[in-house]
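A short write-up of the structure that comes next.
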Amino acid sequence: MAAVVVFDAEVMCREERIPGQFVWPAEERPPAAAADGVAGGGVEEIEIPVVDIAAFLNGGGEIPAGLAEACERHGFFQVVGHGVDPTLIAEAYRCCDAFYARPLAEKQRAARRPGESYGYASSFTGRFKSKLPWKETLSFHCPGAAAAAAPGKKMSAVADYFVGVLGKDYRHMGEVYQEYCDEMTRLALDVTEVLAATLGLADRGELRGFFAGGDSTMRLNYYPPCRQPHLTLGTGPHRDPTSLTLLHQDGVGGLQVRAGGGADEWRAVRPRADAFVVNIGDTFAALTGGRHASCLHRAVVSGGAARRSLTFFLNPQLDRVVRPPEALLLADGGTPRAYPDFTWREFLEFTQRHYRSDESTLDAFMSWVAGGRGGDGKQ
């Protein structure tokens, strides 16, 4: 039996030939590296709506032009005017760099365990054997206010996680990400008001209640340089099984989306230091009864520079039933629902124990539920 490959970024980034487990099928690979060494550098950029969320919240709820169509077509847009302090974002990146600069053995103190959705992962080498992503990740829970603290008490779950798993030297890092998660929770809930307006809901704040006390997740992505970037992917094509994703990418670039969500060509997303990318995920798509599309996206890697991104996944409470608001069900006039009721816990466990997230995760989950929840999905 072949030995499990060890993804040590410090070593891998110097390899002239990448291990076969990281080579993706030809039909799924990005174009050959452009002159600047970035895989997929020649891909056309996508034009997407940019929402000034402060203006929306303070201006009576007017929907920006093209936003409703974007949500229905590919589930992807950007937000500015978000109120997140640039110095906090910069410190979050500095802490990200500091963590990934540590020796592999130290990072593995936070190793992700089988079946869990949080912890450190060096490319998921312990879970999958092929089409491995060229990246490291550190994921941790960001409990909502109702789940994390008594009224008036400052939340500390993220900071406590860093200290408890990695040691007291990581307290500052934990405090930075605690503040960052608090800001992302605020911003994500503000975004739900924008999306409620695109759905025609009379109460702009109706979707906020669905995520009260939620089980959200933060992930630090690190994509080391690769000598053969045209053979691999930082993250393969997939739709996030979560509800909403807020992503800040550094200036290297690498995020790509399918403009029409299906057979269309891949399009690059130009990084904006002042903006957060918003991806609609599978759970939110189900919450809208299929009105909004779950965003199909991937990440390519660079031949000359490391890439980082800060990713926040908004989720409901684990046992919250995913069911469209009554106003949307009434608007459907009794037609069969696109998705039956399910809980976020069921869907999360499906992706962690039975199925490798891809472009068809939600459909596979529905088939699994219809089949009595027996056996594994396609890996």
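Following the order of the structure tokens, chains are lettered A, B, ..., residues in each are numbered from 1, and ligands are numbered from 1.
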Self-check item: Contact residues around stretch 221-237 of chain A with only C-alpha atoms at 7 Å, ignoring same-chain residues under 2 positions, as a count of residues only
Solution: 39
Quiz item: Residues at most 8 Å from A:Leu104, counting only C-alpha atoms, excluding those fewer than 3 positions away in the same chain, as number ranges by chain?
Solution: A: 8, 107-108
Self-check item: atom CA of A:Glu179 to atom CA of A:Leu88, straight-line distance in Å
Solution: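 Atom-to-atom, atom CA of A:Leu88 to atom CA of A:Glu179, that is 8.1 Å.
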Practice problem: Give the strand (DSSP E) residues of stretch 129-291 of chain A, as DSSP finds them on the backbone, and put them as a PyMOL selection string. | Solution: chain A and resi 136-143+215-223+235-239+244-249+255-258+266-268+276-280
Would you save the residues from that selection as a short mmCIF file (atom, residue, chain, number, x, y, z; two decimals), in the first residue's frame, using N, CA, C and O atoms?
data_model
loop_
_atom_site.label_atom_id
_atom_site.label_comp_id
_atom_site.auth_asym_id
_atom_site.auth_seq_id
_atom_site.Cartn_x
_atom_site.Cartn_y
_atom_site.Cartn_z
N GLU A 136 -2.84 24.58 2.67
CA GLU A 136 -3.00 24.29 4.09
C GLU A 136 -4.20 25.10 4.58
O GLU A 136 -4.47 26.19 4.08
N THR A 137 -4.89 24.58 5.58
CA THR A 137 -6.01 25.32 6.16
C THR A 137 -6.01 25.18 7.67
O THR A 137 -5.57 24.17 8.23
N LEU A 138 -6.52 26.22 8.33
CA LEU A 138 -6.83 26.16 9.76
C LEU A 138 -8.25 26.66 9.92
O LEU A 138 -8.57 27.80 9.56
N SER A 139 -9.12 25.80 10.42
CA SER A 139 -10.54 26.13 10.58
C SER A 139 -10.90 26.09 12.06
O SER A 139 -10.40 25.26 12.81
N PHE A 140 -11.79 27.00 12.46
CA PHE A 140 -12.24 27.02 13.86
C PHE A 140 -13.64 27.59 13.95
O PHE A 140 -14.07 28.39 13.10
N HIS A 141 -14.37 27.15 14.96
CA HIS A 141 -15.75 27.57 15.15
C HIS A 141 -15.83 29.02 15.61
O HIS A 141 -14.98 29.50 16.36
N CYS A 142 -16.87 29.70 15.17
CA CYS A 142 -17.18 31.07 15.61
C CYS A 142 -18.63 31.07 16.09
O CYS A 142 -19.53 31.49 15.34
N PRO A 143 -18.89 30.61 17.29
CA PRO A 143 -20.28 30.52 17.76
C PRO A 143 -20.96 31.89 17.79
O PRO A 143 -20.33 32.90 18.10
N ASP A 215 -23.76 28.40 14.20
CA ASP A 215 -22.55 27.58 14.34
C ASP A 215 -21.61 27.90 13.17
O ASP A 215 -21.30 27.05 12.35
N SER A 216 -21.18 29.15 13.10
CA SER A 216 -20.36 29.59 11.97
C SER A 216 -18.90 29.12 12.11
O SER A 216 -18.48 28.70 13.19
N THR A 217 -18.16 29.22 11.01
CA THR A 217 -16.79 28.72 10.95
C THR A 217 -15.89 29.74 10.27
O THR A 217 -16.30 30.40 9.31
N MET A 218 -14.67 29.86 10.75
CA MET A 218 -13.64 30.69 10.12
C MET A 218 -12.54 29.78 9.60
O MET A 218 -12.20 28.79 10.24
N ARG A 219 -12.00 30.13 8.42
CA ARG A 219 -10.92 29.32 7.85
C ARG A 219 -9.83 30.22 7.30
O ARG A 219 -10.10 31.17 6.57
N LEU A 220 -8.59 29.90 7.65
CA LEU A 220 -7.42 30.58 7.12
C LEU A 220 -6.82 29.69 6.04
O LEU A 220 -6.38 28.57 6.33
N ASN A 221 -6.82 30.16 4.80
CA ASN A 221 -6.29 29.38 3.68
C ASN A 221 -4.90 29.87 3.31
O ASN A 221 -4.67 31.08 3.19
N TYR A 222 -4.00 28.93 3.10
CA TYR A 222 -2.65 29.26 2.65
C TYR A 222 -2.29 28.37 1.47
O TYR A 222 -2.28 27.14 1.59
N TYR A 223 -2.03 29.00 0.32
CA TYR A 223 -1.68 28.28 -0.90
C TYR A 223 -0.22 28.56 -1.21
O TYR A 223 0.12 29.64 -1.72
N THR A 235 -7.94 24.71 -4.66
CA THR A 235 -9.23 24.15 -4.25
C THR A 235 -9.97 23.74 -5.52
O THR A 235 -10.08 24.54 -6.45
N GLY A 236 -10.47 22.53 -5.55
CA GLY A 236 -11.17 22.05 -6.74
C GLY A 236 -12.54 22.67 -6.90
O GLY A 236 -13.07 23.32 -5.98
N PRO A 237 -13.16 22.50 -8.06
CA PRO A 237 -14.50 23.05 -8.30
C PRO A 237 -15.51 22.53 -7.28
O PRO A 237 -15.64 21.33 -7.08
N HIS A 238 -16.22 23.45 -6.65
CA HIS A 238 -17.20 23.04 -5.64
C HIS A 238 -18.15 24.19 -5.33
O HIS A 238 -17.89 25.34 -5.67
N ARG A 239 -19.23 23.84 -4.70
CA ARG A 239 -20.15 24.81 -4.11
C ARG A 239 -20.07 24.63 -2.60
O ARG A 239 -20.08 23.50 -2.11
N LEU A 244 -23.68 31.22 3.79
CA LEU A 244 -23.03 32.34 3.12
C LEU A 244 -21.55 32.32 3.43
O LEU A 244 -21.15 32.01 4.55
N THR A 245 -20.74 32.65 2.43
CA THR A 245 -19.29 32.75 2.61
C THR A 245 -18.87 34.19 2.39
O THR A 245 -19.21 34.80 1.38
N LEU A 246 -18.11 34.72 3.35
CA LEU A 246 -17.48 36.04 3.20
C LEU A 246 -15.99 35.81 3.10
O LEU A 246 -15.37 35.27 4.02
N LEU A 247 -15.41 36.21 1.98
CA LEU A 247 -14.00 35.93 1.72
C LEU A 247 -13.25 37.20 1.40
O LEU A 247 -13.70 38.03 0.60
N HIS A 248 -12.09 37.35 2.04
CA HIS A 248 -11.17 38.43 1.69
C HIS A 248 -9.92 37.76 1.14
O HIS A 248 -9.31 36.92 1.78
N GLN A 249 -9.56 38.11 -0.10
CA GLN A 249 -8.37 37.53 -0.71
C GLN A 249 -7.27 38.58 -0.82
O GLN A 249 -7.54 39.77 -0.97
N LEU A 255 -8.86 33.20 -7.16
CA LEU A 255 -10.26 32.79 -7.07
C LEU A 255 -10.91 32.89 -8.45
O LEU A 255 -10.78 33.90 -9.14
N GLN A 256 -11.63 31.83 -8.82
CA GLN A 256 -12.34 31.81 -10.10
C GLN A 256 -13.75 31.27 -9.88
O GLN A 256 -13.98 30.42 -9.02
N VAL A 257 -14.70 31.77 -10.68
CA VAL A 257 -16.10 31.32 -10.58
C VAL A 257 -16.61 30.97 -11.96
O VAL A 257 -16.09 31.42 -12.98
N ARG A 258 -17.66 30.17 -11.97
CA ARG A 258 -18.38 29.88 -13.20
C ARG A 258 -19.48 30.93 -13.34
O ARG A 258 -20.39 30.99 -12.51
N TRP A 266 -14.73 29.44 -16.89
CA TRP A 266 -14.27 30.00 -15.63
C TRP A 266 -13.88 31.46 -15.82
O TRP A 266 -13.34 31.83 -16.85
N ARG A 267 -14.16 32.27 -14.81
CA ARG A 267 -13.82 33.68 -14.82
C ARG A 267 -13.05 34.02 -13.54
O ARG A 267 -13.40 33.55 -12.46
N ALA A 268 -12.02 34.84 -13.68
CA ALA A 268 -11.21 35.24 -12.54
C ALA A 268 -11.87 36.38 -11.77
O ALA A 268 -12.58 37.20 -12.34
N PHE A 276 -15.21 42.54 0.29
CA PHE A 276 -15.37 41.13 0.64
C PHE A 276 -16.20 40.45 -0.45
O PHE A 276 -17.21 40.99 -0.90
N VAL A 277 -15.75 39.29 -0.86
CA VAL A 277 -16.50 38.46 -1.78
C VAL A 277 -17.60 37.74 -0.99
O VAL A 277 -17.36 37.28 0.13
N VAL A 278 -18.78 37.66 -1.56
CA VAL A 278 -19.89 36.91 -0.96
C VAL A 278 -20.27 35.78 -1.89
O VAL A 278 -20.61 36.00 -3.06
N ASN A 279 -20.18 34.55 -1.38
CA ASN A 279 -20.65 33.36 -2.11
C ASN A 279 -21.93 32.87 -1.44
O ASN A 279 -21.96 32.67 -0.22
N ILE A 280 -22.95 32.65 -2.21
CA ILE A 280 -24.13 31.94 -1.70
C ILE A 280 -23.82 30.45 -1.73
O ILE A 280 -23.30 29.93 -2.72
#
Exercise. Quick one: pick out all helix (DSSP H, G or I) residues within stretch 51-166 of chain A from a backbone DSSP run and write them as a PyMOL selection string.
Key: chain A and resi 53-58+67-73+86-100+104-110+145-148+157-166
Self-check item: Neighbour list for stretch 332-341 of chain A as a ChimeraX atom specification, cut-off 8 Å, only C-alpha atoms, skip fewer than 6 positions in-chain
Solution: /A:286,289-290,321-323,366
Could those residues be written to a file, using C-alpha atoms, as a PDB file, in the first residue's frame?
ATOM      1  CA  ALA A 286     -32.150  25.522  -0.102  1.00  0.00           C
ATOM      2  CA  GLY A 289     -36.296  27.215  -2.244  1.00  0.00           C
ATOM      3  CA  GLY A 290     -33.762  27.262  -5.068  1.00  0.00           C
ATOM      4  CA  VAL A 321     -34.416  23.127  10.282  1.00  0.00           C
ATOM      5  CA  VAL A 322     -33.643  24.484   6.820  1.00  0.00           C
ATOM      6  CA  ARG A 323     -37.015  25.498   5.412  1.00  0.00           C
ATOM      7  CA  MET A 366     -30.872  14.912  -1.259  1.00  0.00           C
TER       8      MET A 366
END
Hey, which bits of stretch 140-219 of chain A sit within 10 Å of stretch 46-66 of chain A, and for each residue what's the closest pair of atoms and how far apart in Å (one decimal), counting only C-alpha atoms, rows by chain and increasing number, as a tab-separated table?
residue	atom	partner	partner_atom	distance
A:Leu187	CA	A:Ile53	CA	8.9
A:Asp190	CA	A:Ile53	CA	7.7
A:Val191	CA	A:Ile53	CA	7.5
A:Glu193	CA	A:Leu57	CA	8.2
A:Val194	CA	A:Ile63	CA	7.2
A:Leu195	CA	A:Ile63	CA	8.9
A:Ala196	CA	A:Gly61	CA	9.9
A:Ala197	CA	A:Ile63	CA	6.8
A:Thr198	CA	A:Ile63	CA	6.7
A:Arg204	CA	A:Gly61	CA	8.0
Quiz item: Rounded to one decimal in Å, what is the spacing between atom CA of A:Phe76 and atom CA of A:Ser294?
Solution: 8.3 Å
Practice problem: Using only C-alpha atoms, pick whichever of A:Tyr161, A:Phe284, A:Tyr118, A:Phe313 has the shortest atom-to-atom distance to A:Leu362. | Solution: A:Phe284
Exercise. Just give me the gap between atom CA of A:Tyr355 and atom CA of A:Glu116 in Å, one decimal is fine.
Key: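 Separating atom CA of A:Tyr355 from atom CA of A:Glu116 is a distance of 13.1 Å.
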Quiz item: For A:Asp240, which of A:Ala327, A:Leu348, A:Val80, A:Leu201 is the closest residue, counting only C-alpha atoms?
Solution: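 For A:Asp240, the nearest of the candidates is A:Leu348.
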Quiz prompt | Within 12 Å of A:Arg94 using only C-alpha atoms, minus same-chain residues under 2 positions, as a list in words | solution =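 Here the qualifying residues turn out to be Thr87, Leu88, Ile89, Ala90, Glu91, Ala92, Cys96, Asp97, Ala98, Phe99, Tyr100, Ala101, His172, Met173, Val176, Tyr177, Leu220, Asp250, Arg308, Ser309 and Leu310 of chain A.
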Suppose we keep N, CA, C and O atoms; can you now write the selection as a compact mmCIF listing (two decimals), in the first residue's frame?
# COMPACT_ATOMS: atom_id res chain seq x y z
N THR A 87 -7.10 47.91 9.50
CA THR A 87 -6.00 47.46 10.36
C THR A 87 -6.29 46.08 10.95
O THR A 87 -5.36 45.30 11.17
N LEU A 88 -7.56 45.77 11.19
CA LEU A 88 -7.92 44.44 11.66
C LEU A 88 -7.67 43.41 10.57
O LEU A 88 -7.14 42.32 10.84
N ILE A 89 -8.04 43.73 9.34
CA ILE A 89 -7.79 42.81 8.23
C ILE A 89 -6.29 42.58 8.06
O ILE A 89 -5.84 41.43 7.89
N ALA A 90 -5.51 43.66 8.14
CA ALA A 90 -4.06 43.53 8.00
C ALA A 90 -3.46 42.67 9.11
O ALA A 90 -2.57 41.84 8.86
N GLU A 91 -3.95 42.83 10.33
CA GLU A 91 -3.45 42.03 11.44
C GLU A 91 -3.87 40.57 11.31
O GLU A 91 -3.12 39.65 11.67
N ALA A 92 -5.06 40.34 10.75
CA ALA A 92 -5.50 38.96 10.50
C ALA A 92 -4.57 38.27 9.51
O ALA A 92 -4.24 37.09 9.67
N CYS A 96 -2.02 35.18 10.14
CA CYS A 96 -2.08 34.04 9.21
C CYS A 96 -0.67 33.67 8.76
O CYS A 96 -0.28 32.50 8.78
N ASP A 97 0.11 34.67 8.37
CA ASP A 97 1.49 34.43 7.94
C ASP A 97 2.31 33.82 9.08
O ASP A 97 3.12 32.90 8.87
N ALA A 98 2.12 34.33 10.28
CA ALA A 98 2.88 33.84 11.43
C ALA A 98 2.57 32.38 11.72
O ALA A 98 3.46 31.59 12.02
N PHE A 99 1.28 32.01 11.62
CA PHE A 99 0.92 30.62 11.88
C PHE A 99 1.53 29.69 10.85
O PHE A 99 2.13 28.66 11.19
N TYR A 100 1.38 30.02 9.57
CA TYR A 100 1.86 29.11 8.53
C TYR A 100 3.37 29.09 8.39
O TYR A 100 3.92 28.19 7.75
N ALA A 101 4.06 30.05 9.02
CA ALA A 101 5.52 30.03 9.03
C ALA A 101 6.07 29.06 10.07
O ALA A 101 7.27 28.74 10.05
N HIS A 172 -2.66 36.20 21.58
CA HIS A 172 -2.90 37.38 20.74
C HIS A 172 -3.55 36.98 19.42
O HIS A 172 -4.50 37.64 18.96
N MET A 173 -3.06 35.92 18.81
CA MET A 173 -3.63 35.44 17.56
C MET A 173 -5.11 35.10 17.74
O MET A 173 -5.96 35.46 16.91
N VAL A 176 -7.18 38.27 18.03
CA VAL A 176 -7.35 38.92 16.72
C VAL A 176 -8.48 38.23 15.95
O VAL A 176 -9.39 38.90 15.41
N TYR A 177 -8.47 36.91 15.92
CA TYR A 177 -9.49 36.20 15.14
C TYR A 177 -10.85 36.20 15.85
O TYR A 177 -11.88 36.09 15.18
N LEU A 220 -8.59 29.90 7.65
CA LEU A 220 -7.42 30.58 7.12
C LEU A 220 -6.82 29.69 6.04
O LEU A 220 -6.38 28.57 6.33
N ASP A 250 -6.02 38.11 -0.73
CA ASP A 250 -4.90 39.03 -0.84
C ASP A 250 -4.70 39.42 -2.30
O ASP A 250 -5.49 39.06 -3.17
N ARG A 308 -2.93 33.93 0.21
CA ARG A 308 -3.71 33.73 1.43
C ARG A 308 -5.12 34.24 1.23
O ARG A 308 -5.33 35.19 0.46
N SER A 309 -6.05 33.68 1.96
CA SER A 309 -7.41 34.22 2.00
C SER A 309 -8.00 33.96 3.37
O SER A 309 -7.65 32.98 4.04
N LEU A 310 -8.88 34.87 3.78
CA LEU A 310 -9.58 34.77 5.06
C LEU A 310 -11.04 34.48 4.75
O LEU A 310 -11.71 35.28 4.10
Quiz item: From the list A:Arg353, A:Lys131, A:Arg113, A:Arg171, which residue is nearest A:Gln21 when using only C-alpha atoms?
Solution: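 Ranking A:Arg353, A:Lys131, A:Arg113, A:Arg171 by distance to A:Gln21, first place goes to A:Lys131.
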Quiz prompt | Nearest residue to A:Cys95 from the set A:Gly213, A:Gly126, A:Gly75, A:Gly174 (distances using only C-alpha atoms) | solution =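 For A:Cys95, the nearest of the given residues is A:Gly174.
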